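Take a look at the structure set out below.
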Amino acid sequence: IIITAYTMMYVGIREVVVPMHVDLGLLAAGAAFVTTLGATLLSSYRALSEVPAQLMRPEAPKEGKRVLLERIPFLWKRINFTWKSSIRNLLRYKKRFFMTIFGISGCMALLLVGFGLSDSIYAITDNQYTKIRVYDAIISFDEEAEDLEKNMEEVRNRKEITSGIRSRETAVEIETKAGSKTGDIIIPEDKKEFERYIHFKDRMTKEKYHLSDRGVIVTEKLAKMLEVESGDFIWLKEGETKKIKVKVTAVTENYMLNYVFMSKELYRSLYGENPVYNQMFVNTKSQKAAYEDALSKELLDQEGVSLVSYVSSAQDEMAQMLGNLDIVIIVLIISAGLLAFVVLYNLNNINIEERRRELATIKVLGFYQRELAAYVYRENVMLTAIGIFVGIFFGMVLHRYVILTAEVDAIMFGRKIFTSSYVYSILLTIFFAVFVNGVMYFKLKKIDMVESLKSVE
């Protein structure tokens, strides 16, 4: 999953070769061997400690006990009798109870990770290019050109461009006590007008921020890497200039690259000169691909223009990344389905085998096939519901671990899992559980009523 995420973030990466590490392979094989052998030894020890005559008899059903719900009379009275018996049966076999929940919650967690990864990457496109950066294109200029300001004005006055604002963007070294990182500093021509093109806000509280002359605004991923918050100080070093100490006034939501935003007035007070603008944020009359291609050709032919980059192009690249992620989601869904099937099938099979005489007796007492199946399925329904609930928690933890592990310095994935992903994961988990129940129906059908009348001896 992590390798796939990396190949999506970088263009031109060839086939990734994953070497076989003998030490890790032996460690994994050893852990599997010890676990399997340990379970076998424990089971064998318990069986061999019994006398032969006892081993020849079928295992006696576990003794029923009062459950916690029975100690809450007003709640226990409101539960249907058939569900009461199912609740007691569940708690009679505690090991099977916890193993089933583990299997279903593992299935649910894997599904949530798969759908959650898609949500996290989709959040980059949805948030970065529709809620944070709300311009259409960035036009970069050669700041060494003779008539730089004239070139910029000619571009801004073109009929295809509805609005534009000049800014300076350059690489800068950002340092704190926690270390140093490379990012870009952006100084807009007008700090109030600039908020029409880039929105500054807190990711959690949605509080809006504004550029001020008292300090800078830094992006969230950069702030976390450098361990800074609002009110802390950072040091900026642009090229060969000396380090400049500046206060952080806010930490803003951002997903692509690391930025420091500074007002023109603050830049002038710190560096003693006006910034030389080298780019322009613009909005165009149309966002159609053909229109943008034609405009790019005209702009690049214009003197002083060095690069034109459109937001729509970045969105298309992210959409392609999401398409590449489909294979990861499919693998996780298949893995989750196999986990659910293997665990549920085996535990249900053991459950029926251990309770064969009990179920045969119920048949003798007049239960129809569907009623007998419902008697067993009620337990599975409760276990599935509990497993799904536990799996949601584990899925959220596992999803966060995966995205934090896969992240690189220049990208921050979304942290939220969409509601639709929870719904899909729950429905698929229920589907896998229902499928196993359907398979076990034929097992229940083969139980012979005469078996309950046979002597145990």
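Ligands are numbered from 1 in the order shown, residues from 1 within each chain, and chains are lettered A, B, ... in the order they appear in the structure tokens.
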
Given only C-alpha atoms, how would the per-residue table for region 59-172 of chain A near region 376-396 of chain A read, listing every residue at most 10 Å away with its closest atom pair and distance in Å to one decimal, sorted by chain and number, as JSON lines?
```
{"residue": "A:Thr82", "atom": "CA", "partner": "A:Arg378", "partner_atom": "CA", "distance": 8.6}
{"residue": "A:Trp83", "atom": "CA", "partner": "A:Arg378", "partner_atom": "CA", "distance": 7.2}
{"residue": "A:Ser85", "atom": "CA", "partner": "A:Glu379", "partner_atom": "CA", "distance": 9.3}
{"residue": "A:Ser86", "atom": "CA", "partner": "A:Glu379", "partner_atom": "CA", "distance": 5.5}
{"residue": "A:Ile87", "atom": "CA", "partner": "A:Glu379", "partner_atom": "CA", "distance": 7.1}
{"residue": "A:Arg88", "atom": "CA", "partner": "A:Glu379", "partner_atom": "CA", "distance": 9.6}
{"residue": "A:Asn89", "atom": "CA", "partner": "A:Glu379", "partner_atom": "CA", "distance": 7.7}
{"residue": "A:Leu90", "atom": "CA", "partner": "A:Glu379", "partner_atom": "CA", "distance": 6.5}
{"residue": "A:Phe97", "atom": "CA", "partner": "A:Leu383", "partner_atom": "CA", "distance": 7.3}
{"residue": "A:Phe98", "atom": "CA", "partner": "A:Leu383", "partner_atom": "CA", "distance": 8.9}
{"residue": "A:Met99", "atom": "CA", "partner": "A:Gly387", "partner_atom": "CA", "distance": 9.9}
{"residue": "A:Thr100", "atom": "CA", "partner": "A:Leu383", "partner_atom": "CA", "distance": 6.8}
{"residue": "A:Ile101", "atom": "CA", "partner": "A:Gly387", "partner_atom": "CA", "distance": 4.5}
{"residue": "A:Phe102", "atom": "CA", "partner": "A:Gly387", "partner_atom": "CA", "distance": 6.8}
{"residue": "A:Gly103", "atom": "CA", "partner": "A:Gly387", "partner_atom": "CA", "distance": 7.7}
{"residue": "A:Ile104", "atom": "CA", "partner": "A:Gly387", "partner_atom": "CA", "distance": 5.0}
{"residue": "A:Ser105", "atom": "CA", "partner": "A:Gly391", "partner_atom": "CA", "distance": 3.7}
{"residue": "A:Gly106", "atom": "CA", "partner": "A:Gly391", "partner_atom": "CA", "distance": 6.1}
{"residue": "A:Cys107", "atom": "CA", "partner": "A:Gly391", "partner_atom": "CA", "distance": 7.4}
{"residue": "A:Met108", "atom": "CA", "partner": "A:Gly391", "partner_atom": "CA", "distance": 5.0}
{"residue": "A:Ala109", "atom": "CA", "partner": "A:Gly395", "partner_atom": "CA", "distance": 3.7}
{"residue": "A:Leu110", "atom": "CA", "partner": "A:Gly395", "partner_atom": "CA", "distance": 6.6}
{"residue": "A:Leu111", "atom": "CA", "partner": "A:Gly395", "partner_atom": "CA", "distance": 7.8}
{"residue": "A:Leu112", "atom": "CA", "partner": "A:Gly395", "partner_atom": "CA", "distance": 5.4}
{"residue": "A:Val113", "atom": "CA", "partner": "A:Gly395", "partner_atom": "CA", "distance": 6.1}
{"residue": "A:Gly114", "atom": "CA", "partner": "A:Gly395", "partner_atom": "CA", "distance": 9.5}
{"residue": "A:Gly116", "atom": "CA", "partner": "A:Met396", "partner_atom": "CA", "distance": 8.5}
```

Quiz item: Got a sec: who's within 7 Å of region 129-138 of chain A, counting only C-alpha atoms, leaving out chain neighbours fewer than 4 positions off, as a PyMOL selection string?
Solution: chain A and resi 125+197-199+279-284+308-311

Per residue of region 387-441 of chain A within 12 Å of region 203-218 of chain A, what are the shortest atom pair and its distance in Å to one decimal, counting only C-alpha atoms, with rows by chain and residue number, as JSON lines?
```
{"residue": "A:Met412", "atom": "CA", "partner": "A:Arg203", "partner_atom": "CA", "distance": 11.9}
{"residue": "A:Gly414", "atom": "CA", "partner": "A:Arg203", "partner_atom": "CA", "distance": 10.0}
{"residue": "A:Arg415", "atom": "CA", "partner": "A:Arg203", "partner_atom": "CA", "distance": 9.9}
{"residue": "A:Lys416", "atom": "CA", "partner": "A:Met204", "partner_atom": "CA", "distance": 10.7}
```

Export, as an mmCIF file, in the first residue's frame, the selected residues with N, CA, C and O atoms.
```
data_model
loop_
_atom_site.group_PDB
_atom_site.id
_atom_site.type_symbol
_atom_site.label_atom_id
_atom_site.label_comp_id
_atom_site.auth_asym_id
_atom_site.auth_seq_id
_atom_site.Cartn_x
_atom_site.Cartn_y
_atom_site.Cartn_z
ATOM 1 N N MET A 412 0.354 16.239 2.559
ATOM 2 C CA MET A 412 -0.435 15.836 3.719
ATOM 3 C C MET A 412 -1.738 15.228 3.230
ATOM 4 O O MET A 412 -2.509 15.880 2.521
ATOM 5 N N GLY A 414 -5.581 13.649 3.599
ATOM 6 C CA GLY A 414 -6.741 13.966 4.417
ATOM 7 C C GLY A 414 -6.819 13.020 5.607
ATOM 8 O O GLY A 414 -6.382 11.879 5.537
ATOM 9 N N ARG A 415 -7.360 13.501 6.688
ATOM 10 C CA ARG A 415 -7.426 12.700 7.917
ATOM 11 C C ARG A 415 -8.787 12.037 8.127
ATOM 12 O O ARG A 415 -8.926 11.137 8.937
ATOM 13 N N LYS A 416 -9.810 12.482 7.406
ATOM 14 C CA LYS A 416 -11.169 11.997 7.649
ATOM 15 C C LYS A 416 -11.520 10.821 6.751
ATOM 16 O O LYS A 416 -11.045 10.717 5.625
#
```

Quiz item: Looking at A:Ser140, A:Ser118, A:Thr36, A:Thr162, which one is nearest to Phe413 (chain A), with distances taken over only C-alpha atoms?
Solution: A:Ser118

Self-check item: strand (DSSP E or B) positions in region 188-253 of chain A, given as a PyMOL selection string
Solution: chain A and resi 188+198+201+208+216-219+233-237+244-252
